[in-house]
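Text of the file target.pdb, holding PDB, C-alpha atoms:
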```
ATOM      1  CA  MET H   1      56.289 143.394 160.299
ATOM      2  CA  ASP H   2      58.867 144.020 162.984
ATOM      3  CA  GLY H   3      61.074 146.951 161.989
ATOM      4  CA  THR H   4      64.011 145.671 164.038
ATOM      5  CA  GLN H   5      64.225 142.498 161.944
ATOM      6  CA  ASP H   6      63.684 143.939 158.447
ATOM      7  CA  GLY H   7      64.870 147.522 158.725
ATOM      8  CA  VAL H   8      67.737 149.937 159.091
ATOM      9  CA  GLN H   9      68.281 151.771 162.343
ATOM     10  CA  ILE H  10      68.396 155.565 162.051
ATOM     11  CA  GLY H  11      68.304 156.389 165.760
ATOM     12  CA  GLU H  12      67.467 155.103 169.196
ATOM     13  CA  ASN H  13      64.446 152.808 168.778
ATOM     14  CA  LYS H  14      63.893 154.242 165.300
ATOM     15  CA  PHE H  15      63.950 151.977 162.268
ATOM     16  CA  ILE H  16      63.088 152.291 158.601
ATOM     17  CA  SER H  17      62.447 149.517 156.096
ATOM     18  CA  LYS H  18      65.210 148.371 153.743
ATOM     19  CA  ALA H  19      63.010 149.001 150.714
ATOM     20  CA  THR H  20      62.546 152.628 151.690
ATOM     21  CA  ILE H  21      66.217 153.284 152.367
ATOM     22  CA  LEU H  22      67.254 151.529 149.133
ATOM     23  CA  SER H  23      64.818 153.685 147.183
ATOM     24  CA  HIS H  24      66.295 156.850 148.688
ATOM     25  CA  LEU H  25      69.805 155.490 148.120
ATOM     26  CA  LYS H  26      69.082 154.949 144.444
ATOM     27  CA  THR H  27      67.940 158.556 144.101
ATOM     28  CA  TYR H  28      70.999 159.703 146.050
ATOM     29  CA  ASN H  29      73.431 157.891 143.740
ATOM     30  CA  LEU H  30      71.654 159.082 140.599
ATOM     31  CA  TYR H  31      72.085 162.659 141.804
ATOM     32  CA  TYR H  32      75.842 162.140 142.311
ATOM     33  CA  GLU H  33      76.363 159.982 139.229
ATOM     34  CA  GLY H  34      79.991 160.080 138.128
ATOM     35  CA  GLN H  35      81.157 161.698 141.390
ATOM     36  CA  ASN H  36      82.999 160.298 144.390
ATOM     37  CA  LEU H  37      80.037 161.093 146.666
ATOM     38  CA  GLN H  38      78.133 158.039 145.477
ATOM     39  CA  LEU H  39      77.458 155.538 148.251
ATOM     40  CA  ARG H  40      77.916 151.780 148.196
ATOM     41  CA  HIS H  41      75.873 149.242 150.086
ATOM     42  CA  ARG H  42      76.196 145.603 151.065
ATOM     43  CA  GLU H  43      74.566 143.146 153.415
ATOM     44  CA  GLU H  44      76.337 141.330 156.228
ATOM     45  CA  GLU H  45      74.328 138.846 158.267
ATOM     46  CA  GLU H  46      71.092 140.279 156.857
ATOM     47  CA  GLU H  47      72.115 143.777 157.944
ATOM     48  CA  LEU H  48      72.235 146.532 155.326
ATOM     49  CA  ILE H  49      75.442 148.580 155.496
ATOM     50  CA  ILE H  50      75.948 151.790 153.532
ATOM     51  CA  GLU H  51      79.353 153.397 153.218
ATOM     52  CA  GLY H  52      80.941 156.329 151.455
ATOM     53  CA  LEU H  53      81.823 160.004 151.791
ATOM     54  CA  LEU H  54      79.696 162.411 153.806
ATOM     55  CA  ASN H  55      79.987 166.155 153.253
ATOM     56  CA  ILE H  56      80.155 168.178 156.478
ATOM     57  CA  PHE H  57      80.115 171.966 156.563
ATOM     58  CA  TRP H  58      82.040 174.010 159.130
ATOM     59  CA  GLY H  59      79.800 176.138 161.334
ATOM     60  CA  LEU H  60      82.096 176.923 164.258
ATOM     61  CA  ARG H  61      82.159 180.257 166.076
ATOM     62  CA  ARG H  62      85.088 179.517 168.369
ATOM     63  CA  PRO H  63      88.616 178.658 167.205
ATOM     64  CA  ILE H  64      89.969 175.121 167.186
ATOM     65  CA  ARG H  65      93.492 173.904 167.918
ATOM     66  CA  LEU H  66      95.531 171.650 165.652
ATOM     67  CA  GLN H  67      97.935 169.085 167.067
ATOM     68  CA  MET H  68     101.606 170.008 167.033
ATOM     69  CA  GLN H  69     102.664 166.473 166.179
ATOM     70  CA  ASP H  70     100.926 163.459 164.668
ATOM     71  CA  ASP H  71     100.087 160.606 167.002
ATOM     72  CA  HIS H  72     101.978 158.038 164.942
ATOM     73  CA  GLU H  73     104.842 160.215 163.791
ATOM     74  CA  ARG H  74     108.299 158.840 164.403
ATOM     75  CA  ILE H  75     110.537 160.882 166.651
ATOM     76  CA  ARG H  76     114.225 160.626 165.674
ATOM     77  CA  PRO H  77     116.406 160.316 168.805
ATOM     78  CA  PRO H  78     119.420 162.605 169.127
ATOM     79  CA  PRO H  79     122.779 161.078 168.060
ATOM     80  CA  SER H  80     124.741 159.449 170.856
ATOM     81  CA  SER H  81     128.387 158.612 171.232
ATOM     82  CA  THR H  82     127.693 154.909 170.635
ATOM     83  CA  SER H  83     125.508 155.313 167.560
ATOM     84  CA  TRP H  84     126.833 154.475 164.103
ATOM     85  CA  HIS H  85     126.352 158.069 162.944
ATOM     86  CA  SER H  86     128.151 159.644 165.900
ATOM     87  CA  GLY H  87     131.004 160.590 163.616
ATOM     88  CA  CYS H  88     128.730 162.794 161.487
ATOM     89  CA  ASN H  89     128.252 166.416 162.359
ATOM     90  CA  LEU H  90     124.960 167.702 160.879
ATOM     91  CA  ASP H  91     124.185 171.338 160.420
ATOM     92  CA  SER H  92     120.696 172.866 160.301
ATOM     93  CA  GLN H  93     120.195 171.754 156.695
ATOM     94  CA  GLY H  94     121.057 168.145 157.429
ATOM     95  CA  SER H  95     124.376 168.101 155.470
ATOM     96  CA  PRO H  96     127.494 166.568 157.059
ATOM     97  CA  ASN H  97     130.387 168.734 158.189
ATOM     98  CA  ASN H  98     133.789 167.068 158.038
ATOM     99  CA  THR H  99     135.819 167.954 161.116
ATOM    100  CA  ASP H 100     139.107 166.740 159.537
ATOM    101  CA  GLY H 101     139.205 169.719 157.186
ATOM    102  CA  GLN H 102     138.149 167.739 154.139
ATOM    103  CA  GLN H 103     135.483 169.364 151.984
ATOM    104  CA  THR H 104     132.343 167.332 151.352
ATOM    105  CA  LEU H 105     129.777 168.177 148.714
ATOM    106  CA  GLU H 106     126.451 169.231 150.220
ATOM    107  CA  GLN H 107     124.183 167.897 147.531
ATOM    108  CA  ASN H 108     126.149 165.177 145.657
ATOM    109  CA  PRO H 109     126.750 161.872 147.471
ATOM    110  CA  PRO H 110     130.292 160.471 147.557
ATOM    111  CA  THR H 111     131.414 158.687 144.444
ATOM    112  CA  VAL H 112     131.684 154.908 144.784
ATOM    113  CA  GLU H 113     134.084 153.149 142.415
ATOM    114  CA  VAL H 114     133.093 149.654 141.325
ATOM    115  CA  THR H 115     135.944 147.287 140.443
ATOM    116  CA  PRO H 116     135.385 145.217 137.285
ATOM    117  CA  PRO H 117     134.997 141.472 137.834
ATOM    118  CA  ASP H 118     138.189 140.663 135.845
ATOM    119  CA  SER H 119     140.491 142.582 138.147
ATOM    120  CA  LYS H 120     138.798 141.448 141.336
ATOM    121  CA  HIS H 121     141.060 138.465 142.000
ATOM    122  CA  GLU H 122     144.194 140.375 141.152
ATOM    123  CA  ASP H 123     143.553 143.060 143.760
ATOM    124  CA  ASN H 124     142.491 140.755 146.601
ATOM    125  CA  ARG H 125     145.748 141.076 148.445
ATOM    126  CA  GLU H 126     145.807 144.843 148.112
ATOM    127  CA  THR H 127     142.208 145.083 149.263
ATOM    128  CA  ASP H 128     142.869 142.926 152.332
ATOM    129  CA  GLU H 129     145.667 145.228 153.398
ATOM    130  CA  GLU H 130     143.440 148.292 153.164
ATOM    131  CA  ASP H 131     140.461 146.721 154.978
ATOM    132  CA  SER H 132     141.978 147.114 158.406
ATOM    133  CA  GLU H 133     142.857 150.750 157.775
ATOM    134  CA  SER H 134     139.573 151.834 156.206
ATOM    135  CA  SER H 135     137.089 149.725 158.187
ATOM    136  CA  ALA H 136     136.500 152.573 160.641
ATOM    137  CA  GLN H 137     135.739 154.930 157.794
ATOM    138  CA  LEU H 138     133.267 152.663 155.986
ATOM    139  CA  LEU H 139     130.471 153.186 158.460
ATOM    140  CA  ARG H 140     131.056 156.912 158.458
ATOM    141  CA  THR H 141     130.965 156.983 154.665
ATOM    142  CA  LYS H 142     127.687 155.061 154.642
ATOM    143  CA  SER H 143     126.145 157.392 157.181
ATOM    144  CA  ASP H 144     127.177 160.434 155.145
ATOM    145  CA  ALA H 145     125.689 158.991 151.991
ATOM    146  CA  GLY H 146     122.558 157.945 153.845
ATOM    147  CA  VAL H 147     122.101 161.384 155.312
ATOM    148  CA  LEU H 148     122.672 162.978 151.936
ATOM    149  CA  ARG H 149     120.232 160.651 150.244
ATOM    150  CA  ARG H 150     117.617 161.429 152.859
ATOM    151  CA  ASN H 151     118.380 165.100 152.453
ATOM    152  CA  GLN H 152     117.915 164.857 148.703
ATOM    153  CA  ARG H 153     114.648 162.939 149.010
ATOM    154  CA  ARG H 154     113.154 165.335 151.551
ATOM    155  CA  SER H 155     114.605 168.779 151.331
ATOM    156  CA  PRO H 156     113.105 171.564 153.464
ATOM    157  CA  SER H 157     110.922 172.642 150.547
ATOM    158  CA  ASP H 158     109.691 169.064 150.059
ATOM    159  CA  GLN H 159     108.949 168.743 153.731
ATOM    160  CA  ARG H 160     106.808 171.851 153.560
ATOM    161  CA  LYS H 161     104.862 170.251 150.733
ATOM    162  CA  ILE H 162     104.422 166.959 152.530
ATOM    163  CA  ARG H 163     103.154 168.686 155.701
ATOM    164  CA  ARG H 164     103.543 165.498 157.682
ATOM    165  CA  HIS H 165     100.753 163.812 155.698
ATOM    166  CA  ARG H 166      98.149 166.123 157.186
ATOM    167  CA  PHE H 167      94.897 167.094 155.562
ATOM    168  CA  SER H 168      94.338 170.832 155.343
ATOM    169  CA  ILE H 169      91.261 172.814 156.306
ATOM    170  CA  ASN H 170      90.836 175.024 153.262
ATOM    171  CA  GLY H 171      94.602 175.067 152.799
ATOM    172  CA  HIS H 172      95.374 175.701 156.462
ATOM    173  CA  PHE H 173      98.059 173.437 157.942
ATOM    174  CA  TYR H 174      99.566 173.510 161.392
ATOM    175  CA  ASN H 175     101.662 176.533 162.155
ATOM    176  CA  HIS H 176     102.991 177.611 165.537
ATOM    177  CA  LYS H 177     101.604 181.102 165.021
ATOM    178  CA  THR H 178      98.231 180.051 163.593
ATOM    179  CA  ALA H 179      97.644 176.671 165.247
ATOM    180  CA  VAL H 180      94.523 178.129 166.829
ATOM    181  CA  PHE H 181      92.098 179.371 164.192
ATOM    182  CA  THR H 182      88.446 179.247 163.136
ATOM    183  CA  PRO H 183      87.562 177.484 159.860
ATOM    184  CA  ALA H 184      85.646 179.602 157.370
ATOM    185  CA  TYR H 185      81.927 179.355 158.044
ATOM    186  CA  GLY H 186      80.165 177.311 155.397
ATOM    187  CA  SER H 187      83.315 175.710 153.979
ATOM    188  CA  VAL H 188      82.922 172.018 153.287
ATOM    189  CA  THR H 189      84.939 168.893 154.013
ATOM    190  CA  ASN H 190      84.114 165.203 153.894
ATOM    191  CA  VAL H 191      84.792 162.011 155.813
ATOM    192  CA  ARG H 192      84.473 158.350 154.841
ATOM    193  CA  ILE H 193      82.022 156.618 157.164
ATOM    194  CA  ASN H 194      79.354 153.915 157.127
ATOM    195  CA  SER H 195      75.760 153.612 158.263
ATOM    196  CA  CYS H 196      76.754 151.799 161.461
ATOM    197  CA  MET H 197      78.616 154.795 162.873
ATOM    198  CA  THR H 198      76.857 157.018 165.400
ATOM    199  CA  THR H 199      77.237 160.768 165.768
ATOM    200  CA  PRO H 200      80.170 160.635 168.277
ATOM    201  CA  GLN H 201      82.028 158.194 166.034
ATOM    202  CA  VAL H 202      81.624 160.450 162.996
ATOM    203  CA  LEU H 203      82.859 163.424 165.030
ATOM    204  CA  ARG H 204      85.901 161.452 166.131
ATOM    205  CA  VAL H 205      86.751 160.512 162.537
ATOM    206  CA  LEU H 206      86.457 164.136 161.441
ATOM    207  CA  LEU H 207      88.692 165.462 164.232
ATOM    208  CA  ASN H 208      91.297 162.752 163.675
ATOM    209  CA  LYS H 209      91.417 163.541 159.964
ATOM    210  CA  PHE H 210      92.583 167.089 160.614
ATOM    211  CA  LYS H 211      94.540 166.302 163.824
ATOM    212  CA  ILE H 212      92.337 168.560 165.970
ATOM    213  CA  GLU H 213      93.081 168.509 169.693
ATOM    214  CA  ASN H 214      89.568 169.471 170.827
ATOM    215  CA  SER H 215      87.390 166.766 172.334
ATOM    216  CA  PRO H 216      84.537 165.319 170.229
ATOM    217  CA  ASP H 217      82.219 166.096 173.156
ATOM    218  CA  ASP H 218      82.683 169.802 172.422
ATOM    219  CA  PHE H 219      80.912 169.522 169.062
ATOM    220  CA  ALA H 220      77.598 168.422 167.600
ATOM    221  CA  LEU H 221      76.142 167.758 164.153
ATOM    222  CA  TYR H 222      73.099 169.636 162.884
ATOM    223  CA  LEU H 223      70.793 169.193 159.909
ATOM    224  CA  VAL H 224      70.340 172.730 158.592
ATOM    225  CA  HIS H 225      67.562 173.274 156.044
ATOM    226  CA  THR H 226      67.243 176.114 153.588
ATOM    227  CA  SER H 227      64.069 177.209 155.362
ATOM    228  CA  GLY H 228      66.130 177.901 158.487
ATOM    229  CA  GLU H 229      65.033 174.818 160.358
ATOM    230  CA  ARG H 230      67.878 173.363 162.418
ATOM    231  CA  VAL H 231      67.762 169.891 163.957
ATOM    232  CA  LYS H 232      70.467 168.597 166.269
ATOM    233  CA  LEU H 233      71.536 164.993 165.754
ATOM    234  CA  LYS H 234      71.375 162.927 168.911
ATOM    235  CA  ARG H 235      74.291 160.843 170.143
ATOM    236  CA  THR H 236      72.422 157.695 169.136
ATOM    237  CA  ASP H 237      71.613 158.861 165.593
ATOM    238  CA  PHE H 238      73.315 157.547 162.448
ATOM    239  CA  PRO H 239      74.297 160.565 160.323
ATOM    240  CA  LEU H 240      74.877 158.785 157.010
ATOM    241  CA  VAL H 241      71.430 157.173 156.997
ATOM    242  CA  LEU H 242      69.788 160.461 157.957
ATOM    243  CA  ARG H 243      71.675 162.205 155.153
ATOM    244  CA  VAL H 244      70.303 159.690 152.648
ATOM    245  CA  MET H 245      66.782 160.134 153.978
ATOM    246  CA  GLN H 246      67.035 163.923 153.683
ATOM    247  CA  GLY H 247      67.937 163.619 150.016
ATOM    248  CA  PRO H 248      71.150 164.379 148.127
ATOM    249  CA  CYS H 249      70.610 168.073 147.332
ATOM    250  CA  GLU H 250      72.700 170.214 149.668
ATOM    251  CA  GLN H 251      70.819 173.324 148.629
ATOM    252  CA  VAL H 252      67.882 171.920 150.594
ATOM    253  CA  CYS H 253      69.676 170.406 153.587
ATOM    254  CA  LYS H 254      73.270 170.382 154.839
ATOM    255  CA  VAL H 255      75.112 168.684 157.682
ATOM    256  CA  PHE H 256      76.892 171.285 159.838
ATOM    257  CA  LEU H 257      79.510 170.913 162.552
ATOM    258  CA  MET H 258      78.808 173.316 165.427
ATOM    259  CA  GLU H 259      79.714 173.775 169.069
ATOM    260  CA  GLU H 260      77.774 171.704 171.548
ATOM    261  CA  ASP H 261      76.895 174.679 173.748
ATOM    262  CA  LEU H 262      76.514 177.368 171.080
ATOM    263  CA  GLY H 263      74.337 175.460 168.627
ATOM    264  CA  GLU H 264      70.604 176.020 168.870
ATOM    265  CA  GLU H 265      67.725 174.055 167.402
ATOM    266  CA  VAL H 266      65.144 175.960 165.372
ATOM    267  CA  THR H 267      61.714 174.433 164.823
ATOM    268  CA  TYR H 268      59.877 174.628 161.521
ATOM    269  CA  ASP H 269      57.276 177.051 162.890
ATOM    270  CA  VAL H 270      59.942 179.505 163.994
ATOM    271  CA  ALA H 271      62.019 178.978 160.861
ATOM    272  CA  GLN H 272      59.204 180.376 158.693
ATOM    273  CA  TYR H 273      59.878 183.871 160.045
ATOM    274  CA  ILE H 274      63.669 183.831 160.318
ATOM    275  CA  LYS H 275      64.502 185.005 156.817
ATOM    276  CA  PHE H 276      62.121 187.970 156.808
ATOM    277  CA  GLU H 277      63.514 191.488 157.123
ATOM    278  CA  MET H 278      63.071 193.387 160.364
ATOM    279  CA  PRO H 279      60.398 195.786 158.988
ATOM    280  CA  VAL H 280      58.356 192.790 157.856
ATOM    281  CA  LEU H 281      58.711 191.127 161.240
ATOM    282  CA  GLN H 282      57.682 194.372 162.947
ATOM    283  CA  SER H 283      54.557 194.490 160.810
ATOM    284  CA  PHE H 284      53.778 190.906 161.852
ATOM    285  CA  ILE H 285      54.085 191.889 165.503
ATOM    286  CA  THR H 286      51.834 194.906 164.968
ATOM    287  CA  LYS H 287      49.156 192.769 163.314
ATOM    288  CA  LEU H 288      49.321 190.204 166.103
ATOM    289  CA  LYS H 289      49.032 192.958 168.692
ATOM    290  CA  GLU H 290      45.944 194.378 166.968
ATOM    291  CA  GLU H 291      44.369 190.943 166.796
ATOM    292  CA  GLU H 292      45.113 190.395 170.475
ATOM    293  CA  ASP H 293      43.465 193.717 171.391
ATOM    294  CA  ARG H 294      40.368 192.823 169.409
ATOM    295  CA  GLU H 295      40.049 189.492 171.199
ATOM    296  CA  VAL H 296      40.458 191.213 174.580
ATOM    297  CA  GLN H 297      37.684 193.707 173.715
ATOM    298  CA  LYS H 298      35.388 190.853 172.706
ATOM    299  CA  LEU H 299      35.935 189.093 176.035
ATOM    300  CA  ARG H 300      35.349 192.318 177.990
ATOM    301  CA  ARG H 301      32.077 193.056 176.148
ATOM    302  CA  ARG H 302      30.903 189.508 176.719
ATOM    303  CA  TYR H 303      31.562 189.519 180.458
ATOM    304  CA  ASN H 304      30.137 193.040 180.853
ATOM    305  CA  TYR H 305      26.938 191.807 179.217
ATOM    306  CA  LEU H 306      26.761 188.811 181.548
ATOM    307  CA  ARG H 307      27.375 191.028 184.576
ATOM    308  CA  CYS H 308      24.515 193.339 183.576
ATOM    309  CA  ILE H 309      22.113 190.410 183.281
ATOM    310  CA  ILE H 310      23.111 189.071 186.680
ATOM    311  CA  GLU H 311      22.744 192.496 188.334
ATOM    312  CA  LYS H 312      19.312 192.971 186.736
ATOM    313  CA  GLN H 313      18.148 189.649 188.059
ATOM    314  CA  LEU H 314      19.437 190.480 191.517
ATOM    315  CA  ARG H 315      17.537 193.790 191.579
ATOM    316  CA  GLY H 316      14.285 192.017 190.700
ATOM    317  CA  LEU H 317      14.396 189.727 193.719
ATOM    318  CA  PRO H 318      12.047 190.591 196.701
ATOM    319  CA  GLU H 319      13.610 191.715 199.921
ATOM    320  CA  GLY H 320      14.663 188.863 202.198
ATOM    321  CA  ALA H 321      14.820 186.311 199.402
ATOM    322  CA  LYS H 322      17.829 184.074 199.360
ATOM    323  CA  CYS H 323      19.734 183.110 196.274
ATOM    324  CA  ILE H 324      20.266 179.403 195.932
TER
END
```
Could you spell out this file's structure in structure tokens?
Amino acid sequence: MDGTQDGVQIGENKFISKATILSHLKTYNLYYEGQNLQLRHREEEEELIIEGLLNIFWGLRRPIRLQMQDDHERIRPPPSSTSWHSGCNLDSQGSPNNTDGQQTLEQNPPTVEVTPPDSKHEDNRETDEEDSESSAQLLRTKSDAGVLRRNQRRSPSDQRKIRRHRFSINGHFYNHKTAVFTPAYGSVTNVRINSCMTTPQVLRVLLNKFKIENSPDDFALYLVHTSGERVKLKRTDFPLVLRVMQGPCEQVCKVFLMEEDLGEEVTYDVAQYIKFEMPVLQSFITKLKEEEDREVQKLRRRYNYLRCIIEKQLRGLPEGAKCI
């Protein structure tokens, strides 16, 4: 059976059968039953697609930089002399200051009187006479009310809560003084991805979620096992599928975000000795050194024995004989 036709791609030229991945997916969802980490799957044009949240742990050693401003955030232009709100003078809190000496309430919008329908026709003439005098003030009144309404909807305290719709890294939002910081090692976040996304695409989604200025090429994803084994995901790998294949338990294996140049792979053979204490490792080295010395002595005794035999044979040869 050709794996490319009836399988799910997990890396460059690496495929796994749909039955195998569905079996692991069933175990994965049973482990996270009732939680938002369960994964969904569907088929499009005979291709199995898995989607859902992937937990990623921070493992950075160098600080990252958050963006000062969102990419799609609207920038309000400064008021001009031709704009409809040019007559409003706004202070630092966003409340209008009346330059004519009239006092305006800072929090309450201006009161608007509504004329009852019965008296509407009777006051038409009086209203027409006042239209020409108050038409210039109508726009200014609307702008004041609009500014006040906006101010009431989003006060400075509310704006601090909104945080420009940013996600936080363990409660850390952008701040001019702390825009450059290092996330706590081992803290977890998650991103919504699918099985068709490669490692660079997952990195890009993660950085965009937190508005991080650093390039995705500066980072890499690693599978870190409890044993200490550390495997770097290639650029052509599919992290979500590999996560499913590793199993759902994060006490056994976690996906870590690390620097591209600081991260280091650790093989299984080396990982067996990582978690031992230094005295234990020193004892291992001593034992290996003793074993090495014993093997060297064996080789020396063997070659000394062979040399003695050869020398004995050479002494037994008659004079003038030639060795062939």
Please indicate the distance in Å from atom CA of Gly247 of chain H to atom CA of Glu33 of chain H, rounded to one decimal place.
14.2 Å
What separation in Å, quoted to one decimal, exists between atom CA of His41 of chain H and atom CA of Glu250 of chain H?
21.2 Å
Just so the selection is clear, what residues does the PyMOL selection byres ((chain H and resi 256) around 6) cover here, as a PyMOL selection string?
chain H and resi 56-59+221-222+255+257
(74.3, 177.8, 169.2) in this file's frame - what residues fall within 12 Å of it? Use only C-alpha atoms and give the answer as a short mmCIF file (atom, residue, chain, number, x, y, z; two decimals) with C-alpha atoms, in the coordinates of the input.
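See result_28.cif below for the written result:
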```
data_model
loop_
_atom_site.label_atom_id
_atom_site.label_comp_id
_atom_site.auth_asym_id
_atom_site.auth_seq_id
_atom_site.Cartn_x
_atom_site.Cartn_y
_atom_site.Cartn_z
CA GLY H 59 79.80 176.14 161.33
CA LEU H 60 82.10 176.92 164.26
CA ARG H 61 82.16 180.26 166.08
CA ARG H 62 85.09 179.52 168.37
CA PHE H 219 80.91 169.52 169.06
CA ALA H 220 77.60 168.42 167.60
CA LEU H 221 76.14 167.76 164.15
CA TYR H 222 73.10 169.64 162.88
CA ARG H 230 67.88 173.36 162.42
CA VAL H 231 67.76 169.89 163.96
CA LYS H 232 70.47 168.60 166.27
CA PHE H 256 76.89 171.28 159.84
CA LEU H 257 79.51 170.91 162.55
CA MET H 258 78.81 173.32 165.43
CA GLU H 259 79.71 173.78 169.07
CA GLU H 260 77.77 171.70 171.55
CA ASP H 261 76.90 174.68 173.75
CA LEU H 262 76.51 177.37 171.08
CA GLY H 263 74.34 175.46 168.63
CA GLU H 264 70.60 176.02 168.87
CA GLU H 265 67.72 174.06 167.40
CA VAL H 266 65.14 175.96 165.37
#
```
List, as an MDAnalysis selection string, every residue that the PyMOL selection byres ((chain H and resi 227) around 10) selects in the file provided.
chainID H and resid 224:226 228:230 252:253 268 270:275
Pick the closest to Lys234 of chain H from H:Ser187, H:Arg294, H:Pro200, H:Thr27: which is it, counting only C-alpha atoms?
H:Pro200
Find the residue from H:Leu48, H:Leu281, H:Val244, H:Leu53 that sits nearest to Cys196 of chain H; use only C-alpha atoms when measuring.
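Of H:Leu48, H:Leu281, H:Val244, H:Leu53, the one nearest Cys196 of chain H, counting only C-alpha atoms, is H:Leu48.
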From the options H:Leu30, H:Phe15, H:Ile10, H:Leu306, which residue's atoms come nearest to Pro248 of chain H, counting all atoms listed in the file?
H:Leu30
Contacts of Leu206 of chain H within 10 Å, all atoms listed in the file, excl. fewer than 2 positions in-chain, as a PyMOL selection string:
chain H and resi 56+189-193+200-204+208-212+216+257
Considering only C-alpha atoms, state which residue in the set H:Ser215, H:Tyr28, H:Gln313, H:Val205 is at the smallest distance from Ile50 of chain H.
H:Tyr28
I'd like to see the residues matched by the PyMOL selection byres ((chain H and resi 42) around 12) on this file, and ideally I'd get them as a short mmCIF file (atom, residue, chain, number, x, y, z; two decimals) with C-alpha atoms, keeping the file's coordinate frame.
```
data_model
loop_
_atom_site.label_atom_id
_atom_site.label_comp_id
_atom_site.auth_asym_id
_atom_site.auth_seq_id
_atom_site.Cartn_x
_atom_site.Cartn_y
_atom_site.Cartn_z
CA LYS H 18 65.21 148.37 153.74
CA LEU H 22 67.25 151.53 149.13
CA LEU H 39 77.46 155.54 148.25
CA ARG H 40 77.92 151.78 148.20
CA HIS H 41 75.87 149.24 150.09
CA GLU H 43 74.57 143.15 153.42
CA GLU H 44 76.34 141.33 156.23
CA GLU H 45 74.33 138.85 158.27
CA GLU H 46 71.09 140.28 156.86
CA GLU H 47 72.11 143.78 157.94
CA LEU H 48 72.24 146.53 155.33
CA ILE H 49 75.44 148.58 155.50
CA ILE H 50 75.95 151.79 153.53
CA GLU H 51 79.35 153.40 153.22
CA GLY H 52 80.94 156.33 151.46
CA ASN H 194 79.35 153.92 157.13
CA SER H 195 75.76 153.61 158.26
#
```
Do you have the atom CA of Ala179 of chain H-atom CA of Asp217 of chain H distance handy?
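So the answer is 20.3 Å.
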